[in-house]
Every structure is written in structure tokens, then in C-alpha cells.
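Asker: Below you'll find work02.cif; it's mmCIF, C-alpha atoms and all ligand atoms.
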```
data_start
#
loop_
_atom_site.group_PDB
_atom_site.id
_atom_site.type_symbol
_atom_site.label_atom_id
_atom_site.label_comp_id
_atom_site.auth_asym_id
_atom_site.auth_seq_id
_atom_site.Cartn_x
_atom_site.Cartn_y
_atom_site.Cartn_z
ATOM 1 C CA MET A 75 11.229 -10.769 -8.652
ATOM 2 C CA VAL A 76 8.159 -10.437 -6.415
ATOM 3 C CA LYS A 77 5.990 -7.430 -7.306
ATOM 4 C CA VAL A 78 3.806 -5.654 -4.714
ATOM 5 C CA LEU A 79 1.191 -2.934 -5.348
ATOM 6 C CA PHE A 80 -0.463 -1.032 -2.475
ATOM 7 C CA VAL A 81 -3.840 0.559 -3.261
ATOM 8 C CA CYS A 82 -5.973 3.146 -1.416
ATOM 9 C CA LEU A 83 -8.550 5.696 -2.588
ATOM 10 C CA GLY A 84 -6.508 8.781 -3.469
ATOM 11 C CA ASN A 85 -2.924 7.385 -3.644
ATOM 12 C CA ILE A 86 -1.739 10.399 -1.648
ATOM 13 C CA CYS A 87 -1.972 9.173 1.982
ATOM 14 C CA ARG A 88 -2.143 5.494 2.896
ATOM 15 C CA SER A 89 -0.756 3.632 -0.132
ATOM 16 C CA PRO A 90 2.255 5.951 -0.701
ATOM 17 C CA THR A 91 3.031 5.557 3.011
ATOM 18 C CA ALA A 92 2.797 1.763 2.654
ATOM 19 C CA GLU A 93 5.022 1.884 -0.447
ATOM 20 C CA GLY A 94 7.670 3.912 1.393
ATOM 21 C CA VAL A 95 7.570 1.975 4.664
ATOM 22 C CA PHE A 96 7.542 -1.459 2.996
ATOM 23 C CA MET A 97 10.348 -0.500 0.578
ATOM 24 C CA ALA A 98 12.470 0.727 3.497
ATOM 25 C CA LEU A 99 11.904 -2.606 5.269
ATOM 26 C CA VAL A 100 12.754 -4.563 2.111
ATOM 27 C CA GLU A 101 15.983 -2.596 1.668
ATOM 28 C CA SER A 102 16.969 -2.920 5.314
ATOM 29 C CA GLU A 103 16.632 -6.696 4.910
ATOM 30 C CA GLY A 104 18.867 -6.658 1.813
ATOM 31 C CA LEU A 105 16.006 -7.717 -0.479
ATOM 32 C CA GLY A 106 15.954 -4.658 -2.758
ATOM 33 C CA THR A 107 16.757 -6.762 -5.838
ATOM 34 C CA ASP A 108 14.136 -9.422 -4.996
ATOM 35 C CA ILE A 109 11.033 -7.316 -4.372
ATOM 36 C CA THR A 110 9.595 -4.283 -6.241
ATOM 37 C CA VAL A 111 6.995 -1.974 -4.688
ATOM 38 C CA ASP A 112 4.499 0.475 -6.204
ATOM 39 C CA SER A 113 1.236 2.167 -5.180
ATOM 40 C CA ALA A 114 -1.947 3.420 -6.851
ATOM 41 C CA GLY A 115 -5.403 4.821 -6.074
ATOM 42 C CA THR A 116 -8.825 3.594 -7.122
ATOM 43 C CA GLY A 117 -9.825 7.250 -7.679
ATOM 44 C CA SER A 118 -8.504 9.670 -10.292
ATOM 45 C CA TRP A 119 -8.613 13.032 -8.443
ATOM 46 C CA HIS A 120 -4.947 13.206 -7.478
ATOM 47 C CA ILE A 121 -3.183 11.690 -10.510
ATOM 48 C CA GLY A 122 0.327 13.164 -10.865
ATOM 49 C CA GLN A 123 0.364 14.703 -7.377
ATOM 50 C CA PRO A 124 2.966 14.013 -4.655
ATOM 51 C CA PRO A 125 1.802 12.469 -1.367
ATOM 52 C CA ASP A 126 -0.190 14.670 1.048
ATOM 53 C CA ARG A 127 2.201 16.887 3.067
ATOM 54 C CA ARG A 128 0.870 15.393 6.327
ATOM 55 C CA ALA A 129 1.677 11.866 5.118
ATOM 56 C CA GLN A 130 5.144 13.007 3.989
ATOM 57 C CA GLU A 131 5.862 14.664 7.335
ATOM 58 C CA ALA A 132 4.662 11.709 9.444
ATOM 59 C CA ALA A 133 6.773 9.309 7.355
ATOM 60 C CA ARG A 134 9.802 11.627 7.452
ATOM 61 C CA LEU A 135 9.707 11.550 11.266
ATOM 62 C CA ARG A 136 10.188 7.768 10.994
ATOM 63 C CA GLY A 137 13.012 8.092 8.470
ATOM 64 C CA VAL A 138 10.976 7.348 5.324
ATOM 65 C CA ASP A 139 11.047 9.736 2.334
ATOM 66 C CA LEU A 140 7.846 9.825 0.223
ATOM 67 C CA SER A 141 8.669 13.012 -1.719
ATOM 68 C CA GLY A 142 9.563 11.337 -5.023
ATOM 69 C CA GLN A 143 6.252 9.506 -5.394
ATOM 70 C CA ARG A 144 3.474 10.617 -7.777
ATOM 71 C CA ALA A 145 -0.125 9.396 -7.695
ATOM 72 C CA ARG A 146 -1.564 7.141 -10.386
ATOM 73 C CA GLN A 147 -4.822 5.250 -10.804
ATOM 74 C CA ALA A 148 -5.073 1.470 -10.409
ATOM 75 C CA LYS A 149 -6.009 -0.424 -13.579
ATOM 76 C CA ALA A 150 -7.055 -3.938 -14.598
ATOM 77 C CA ALA A 151 -3.599 -4.621 -16.102
ATOM 78 C CA ASP A 152 -2.063 -4.229 -12.640
ATOM 79 C CA PHE A 153 -3.447 -7.700 -11.911
ATOM 80 C CA GLN A 154 -1.301 -9.124 -14.725
ATOM 81 C CA HIS A 155 1.868 -7.399 -13.496
ATOM 82 C CA PHE A 156 1.748 -7.563 -9.682
ATOM 83 C CA ASP A 157 1.867 -10.718 -7.536
ATOM 84 C CA TYR A 158 0.274 -8.874 -4.597
ATOM 85 C CA VAL A 159 -2.417 -6.179 -5.074
ATOM 86 C CA ILE A 160 -3.064 -4.963 -1.523
ATOM 87 C CA ALA A 161 -6.136 -2.944 -0.495
ATOM 88 C CA MET A 162 -6.063 -0.628 2.526
ATOM 89 C CA ASP A 163 -9.799 -0.970 3.313
ATOM 90 C CA ASN A 164 -13.019 -2.761 2.356
ATOM 91 C CA GLU A 165 -14.026 -0.091 -0.133
ATOM 92 C CA ASN A 166 -10.681 -0.278 -1.961
ATOM 93 C CA HIS A 167 -11.018 -4.078 -1.983
ATOM 94 C CA ALA A 168 -14.511 -3.928 -3.535
ATOM 95 C CA ASP A 169 -13.388 -1.395 -6.170
ATOM 96 C CA LEU A 170 -10.373 -3.528 -7.064
ATOM 97 C CA ALA A 171 -12.474 -6.698 -7.230
ATOM 98 C CA SER A 172 -14.714 -4.932 -9.774
ATOM 99 C CA ILE A 173 -11.777 -4.339 -12.182
ATOM 100 C CA CYS A 174 -9.908 -7.595 -11.492
ATOM 101 C CA PRO A 175 -9.687 -9.852 -14.586
ATOM 102 C CA PRO A 176 -11.348 -13.269 -14.055
ATOM 103 C CA GLY A 177 -8.913 -15.807 -12.610
ATOM 104 C CA GLU A 178 -6.595 -13.237 -11.010
ATOM 105 C CA GLU A 179 -8.539 -12.780 -7.746
ATOM 106 C CA HIS A 180 -5.877 -14.678 -5.774
ATOM 107 C CA ARG A 181 -3.589 -11.640 -6.179
ATOM 108 C CA LEU A 182 -5.985 -9.354 -4.263
ATOM 109 C CA HIS A 183 -5.446 -8.988 -0.492
ATOM 110 C CA MET A 184 -6.447 -6.849 2.491
ATOM 111 C CA PHE A 185 -3.309 -5.292 4.002
ATOM 112 C CA MET A 186 -4.344 -5.785 7.640
ATOM 113 C CA ASP A 187 -4.818 -9.535 7.040
ATOM 114 C CA PHE A 188 -0.999 -9.682 7.224
ATOM 115 C CA ALA A 189 -1.121 -8.460 10.859
ATOM 116 C CA PRO A 190 -3.957 -10.458 12.479
ATOM 117 C CA GLU A 191 -2.437 -9.752 15.921
ATOM 118 C CA LEU A 192 -3.415 -6.070 15.545
ATOM 119 C CA GLY A 193 -7.116 -7.008 15.308
ATOM 120 C CA ARG A 194 -7.926 -4.463 12.587
ATOM 121 C CA LYS A 195 -9.651 -5.032 9.263
ATOM 122 C CA ASN A 196 -8.978 -1.660 7.613
ATOM 123 C CA VAL A 197 -6.282 1.013 7.502
ATOM 124 C CA PRO A 198 -8.559 4.015 8.197
ATOM 125 C CA ASP A 199 -8.566 6.945 5.772
ATOM 126 C CA PRO A 200 -6.698 9.840 7.493
ATOM 127 C CA TYR A 201 -7.442 12.437 4.788
ATOM 128 C CA TYR A 202 -10.244 14.281 6.573
ATOM 129 C CA GLY A 203 -8.953 13.748 10.123
ATOM 130 C CA GLY A 204 -6.339 15.591 12.165
ATOM 131 C CA ASP A 205 -2.614 15.005 11.900
ATOM 132 C CA GLY A 206 -2.793 12.389 14.677
ATOM 133 C CA GLY A 207 -4.476 10.029 12.229
ATOM 134 C CA PHE A 208 -1.329 9.740 10.173
ATOM 135 C CA ASP A 209 0.711 8.370 13.064
ATOM 136 C CA GLY A 210 -1.906 5.692 13.752
ATOM 137 C CA VAL A 211 -1.855 4.794 10.060
ATOM 138 C CA LEU A 212 1.934 4.432 10.221
ATOM 139 C CA ASP A 213 1.693 2.052 13.192
ATOM 140 C CA LEU A 214 -0.732 -0.199 11.292
ATOM 141 C CA ILE A 215 1.358 -0.032 8.117
ATOM 142 C CA GLU A 216 4.593 -0.912 9.943
ATOM 143 C CA GLY A 217 2.921 -3.939 11.560
ATOM 144 C CA ALA A 218 1.322 -5.230 8.367
ATOM 145 C CA SER A 219 4.547 -4.654 6.401
ATOM 146 C CA LYS A 220 6.385 -7.115 8.652
ATOM 147 C CA GLY A 221 3.664 -9.721 8.150
ATOM 148 C CA LEU A 222 3.650 -9.175 4.401
ATOM 149 C CA LEU A 223 7.416 -9.666 4.211
ATOM 150 C CA SER A 224 7.101 -12.927 6.165
ATOM 151 C CA ASP A 225 4.410 -14.105 3.729
ATOM 152 C CA ILE A 226 6.639 -13.272 0.735
ATOM 153 C CA ARG A 227 9.625 -15.051 2.286
ATOM 154 C CA GLU A 228 7.508 -18.167 2.964
ATOM 155 C CA LYS A 229 5.902 -18.357 -0.464
ATOM 156 C CA HIS A 230 8.349 -16.810 -2.928
ATOM 157 C CA LEU A 231 11.957 -16.428 -1.696
HETATM 158 P P1 LIG B 1 -5.839 7.982 0.650
HETATM 159 O O1 LIG B 1 -6.612 9.237 1.298
HETATM 160 O O2 LIG B 1 -6.874 7.109 0.003
HETATM 161 O O3 LIG B 1 -5.210 7.318 1.832
HETATM 162 O O4 LIG B 1 -4.838 8.548 -0.323
HETATM 163 C C1 LIG B 1 -7.481 10.041 0.543
HETATM 164 C C2 LIG B 1 -6.981 11.037 -0.232
HETATM 165 C C3 LIG B 1 -7.852 11.843 -0.959
HETATM 166 C C4 LIG B 1 -9.211 11.637 -0.888
HETATM 167 C C5 LIG B 1 -9.710 10.612 -0.107
HETATM 168 C C6 LIG B 1 -8.836 9.805 0.606
HETATM 169 N N1 LIG B 1 -10.102 12.478 -1.597
HETATM 170 O O5 LIG B 1 -11.325 12.306 -1.469
HETATM 171 O O6 LIG B 1 -9.654 13.361 -2.330
#
```
Starting from the file, lay out its structure as C-alpha cells.
Ligand code: 4NP

Answerer:
Amino acid sequence: MVKVLFVCLGNICRSPTAEGVFMALVESEGLGTDITVDSAGTGSWHIGQPPDRRAQEAARLRGVDLSGQRARQAKAADFQHFDYVIAMDNENHADLASICPPGEEHRLHMFMDFAPELGRKNVPDPYYGGDGGFDGVLDLIEGASKGLLSDIREKHL
């Protein structure tokens, strides 16, 4: 079983969207028993909350249901459990690096590194922007999800 954790700041916009989109891709490829997916935030403000309604609506329009998810905070032990700990932006990456146990750094990745053809380093935070931001986030997440699945197939399956 390959275990994937997506991490953003609040765990109510980007990482729940990545969890939902990537899980849908995994299931559509018949790999639901080979790969598990979770998400978390580096911050603690939204623990226990469902994804932002704008993120839920944007995902729903692409056939992905985020309503069952609840926010939690990322922790050092996640680096013992997950094969891939995937940051949405540079700030998430730095925060995760600061709690990563020594020797586990190889598990930490930037999500957009799995879609070099898109030429983006970060999945931008849509929380304070208009609703349009969520659609752009979905485009980036769909592209990087395909690249991530290829990486997992190459290295683990
Ligand atoms: P996320 O977006 O990191 O994609 O979940 C945010 C959600 C909440 C906050 C910031 C970003 N916040 O400051 O509360």
C-alpha cells in the first residue's frame, strides 16, 4: 500500500481538493486498494471543519465530493506513516521540513514538481481571492495528480 498525504496551510481549500481529486483518479484507474490518500494543514485554525464551501462547490462541478472530509493538523509522525508528504507551496514545504524527523526528508515533495510542463512552483492559496481562484487551483491539482500517479506507478506498483 502506497500512502499519500497532501498538506496546505488550513486544510480546508487546496489539500482537501487534492485529496478528493487524486482519490477519484486513483479509483478511476482501479487502484483504490493500492493507494491511500489523506490531507492535513500546517496550521491549527480549522481543525475539525469541513472544506471551504467554495472548494466543495468547485470540486462538485468536476464530479468530486469533498463533503465528508474534516481538517486536521500535520504532525511529525506523518513522516513515519506516509510515503509521500506533498506540500502545496514553499511555505508549507518549509513548515513541514521544520517538523520532519531526521532521515525522512526524502518523503517530502512539492506537488507542482509532478507537473513540470505546467511551469508552476506553487499551488496558490485561494482562500482570500474570488471564486475564480478555486477553478485555477483545480486545473493545477488535476495536472499534478496525473504526474504523481505516474511517479507512484514507476516507483512502487
Ligand atoms: P488552504 O487555504 O491552505 O488551501 O486550506 C487557507 C485556508 C485558511 C487560511 C489560509 C489558507 N486561514 O488563514 O485561515

Asker: Quick one: apply the PyMOL selection byres (((chain A and resi 140-156) around 6) and not hetatm) to the file and drop the selected residues here as a list of chain:residue names.

Answerer: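 When the PyMOL selection byres (((chain A and resi 140-156) around 6) and not hetatm) is applied to the shown file, the picked residues are A:Lys77, A:Val78, A:Asn85, A:Ala114, A:Gly115, A:Thr116, A:Ser118, A:Ile121, A:Gly122, A:Gln123, A:Pro124, A:Gln130, A:Asp139, A:Asp157, A:Tyr158, A:Ile173, A:Cys174.
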
Asker: Name the residues that the PyMOL selection byres (((not hetatm)) within 10 of (chain B and resi 1)) picks from the file above, as a count of residues only, using the file's chain letters and numbers.

Answerer: 34

Asker: What does the distance between CA of Leu79 in chain A and CA of Asp213 in chain A come to in Å, to one decimal place?

Answerer: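 A separation of 19.2 Å between them.
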
Asker: Spell out the residues picked by the PyMOL selection byres (((chain A and resi 75) around 10) and not hetatm) here, as a ChimeraX atom specification.

Answerer: /A:76-78,105-110,157,230-231

Asker: Grab the CA of Ser219 in chain A to CA of Met184 in chain A distance for me, in Å with one decimal place.

Answerer: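 Straight-line distance from CA of Ser219 in chain A to CA of Met184 in chain A works out to 11.9 Å.
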
Asker: Rounded to one decimal, what separation in Å do you get between CA of His167 in chain A and CA of Leu182 in chain A?

Answerer: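 Between these atoms lies a distance of 7.6 Å.
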
Asker: At a cut-off of 6 Å around the point (-1.1, -7.0, -0.4) (file coordinates), what residues fall inside when counting all atoms listed in the file? I'd like the answer as a VMD selection string.

Answerer: chain A and resid 158 to 160 183 185

Asker: Quick one: of A:Gly203, A:Phe96, A:Arg128, A:Ala133, who's nearest to Ser113 in chain A, counting all atoms listed in the file?

Answerer: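 The closest residue to Ser113 in chain A is A:Phe96.
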
Asker: For Glu216 in chain A, which residue out of A:Pro175, A:Arg136, A:Arg181, A:Glu103 is the nearest one, using only C-alpha atoms?

Answerer: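 Ranking A:Pro175, A:Arg136, A:Arg181, A:Glu103 by distance to Glu216 in chain A, first place goes to A:Arg136.
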
Asker: Ranking A:Ala132, A:Leu170, A:Met186, A:Val100 by minimum distance to Gly210 in chain A and counting all atoms listed in the file, which one comes first?

Answerer: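 Nearest candidate to Gly210 in chain A out of A:Ala132, A:Leu170, A:Met186, A:Val100: A:Ala132.
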
Asker: Give, as lines of an AutoDock Vina configuration file, the centre coordinates and the x, y and z edge lengths in Å to one decimal for an axis-aligned box around all listed atoms of range 184-203 of chain A, padded by 3 Å on each side.

Answerer:
```
center_x = -5.6
center_y = 1.9
center_z = 9.2
size_x = 15.2
size_y = 30.7
size_z = 19.4
```

Asker: Excluding Gly193 in chain A and any residue of its chain fewer than 5 positions from it, enumerate the residues within 12 Å of it, using all atoms listed in the file, and give them as a count of residues only.

Answerer: 6

Asker: Using all atoms listed in the file for the distances, tell me which of A:Gly206, A:Pro176, A:Gly221, A:Gly104 is nearest to Glu191 in chain A.

Answerer: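 Among A:Gly206, A:Pro176, A:Gly221, A:Gly104, it is A:Gly221 that comes nearest to Glu191 in chain A.
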
Asker: Smallest atom-to-atom distance to Leu99 in chain A: which of A:Leu192, A:Leu135, A:Val111, A:Ala171, using only C-alpha atoms?

Answerer: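 Ranking A:Leu192, A:Leu135, A:Val111, A:Ala171 by distance to Leu99 in chain A, first place goes to A:Val111.
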
Asker: Which one is closest to Leu223 in chain A: A:Ser172, A:Asn164, A:Ser102, A:Asn196? Count only C-alpha atoms.

Answerer: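 That would be A:Ser102, the residue with the smallest distance to Leu223 in chain A.
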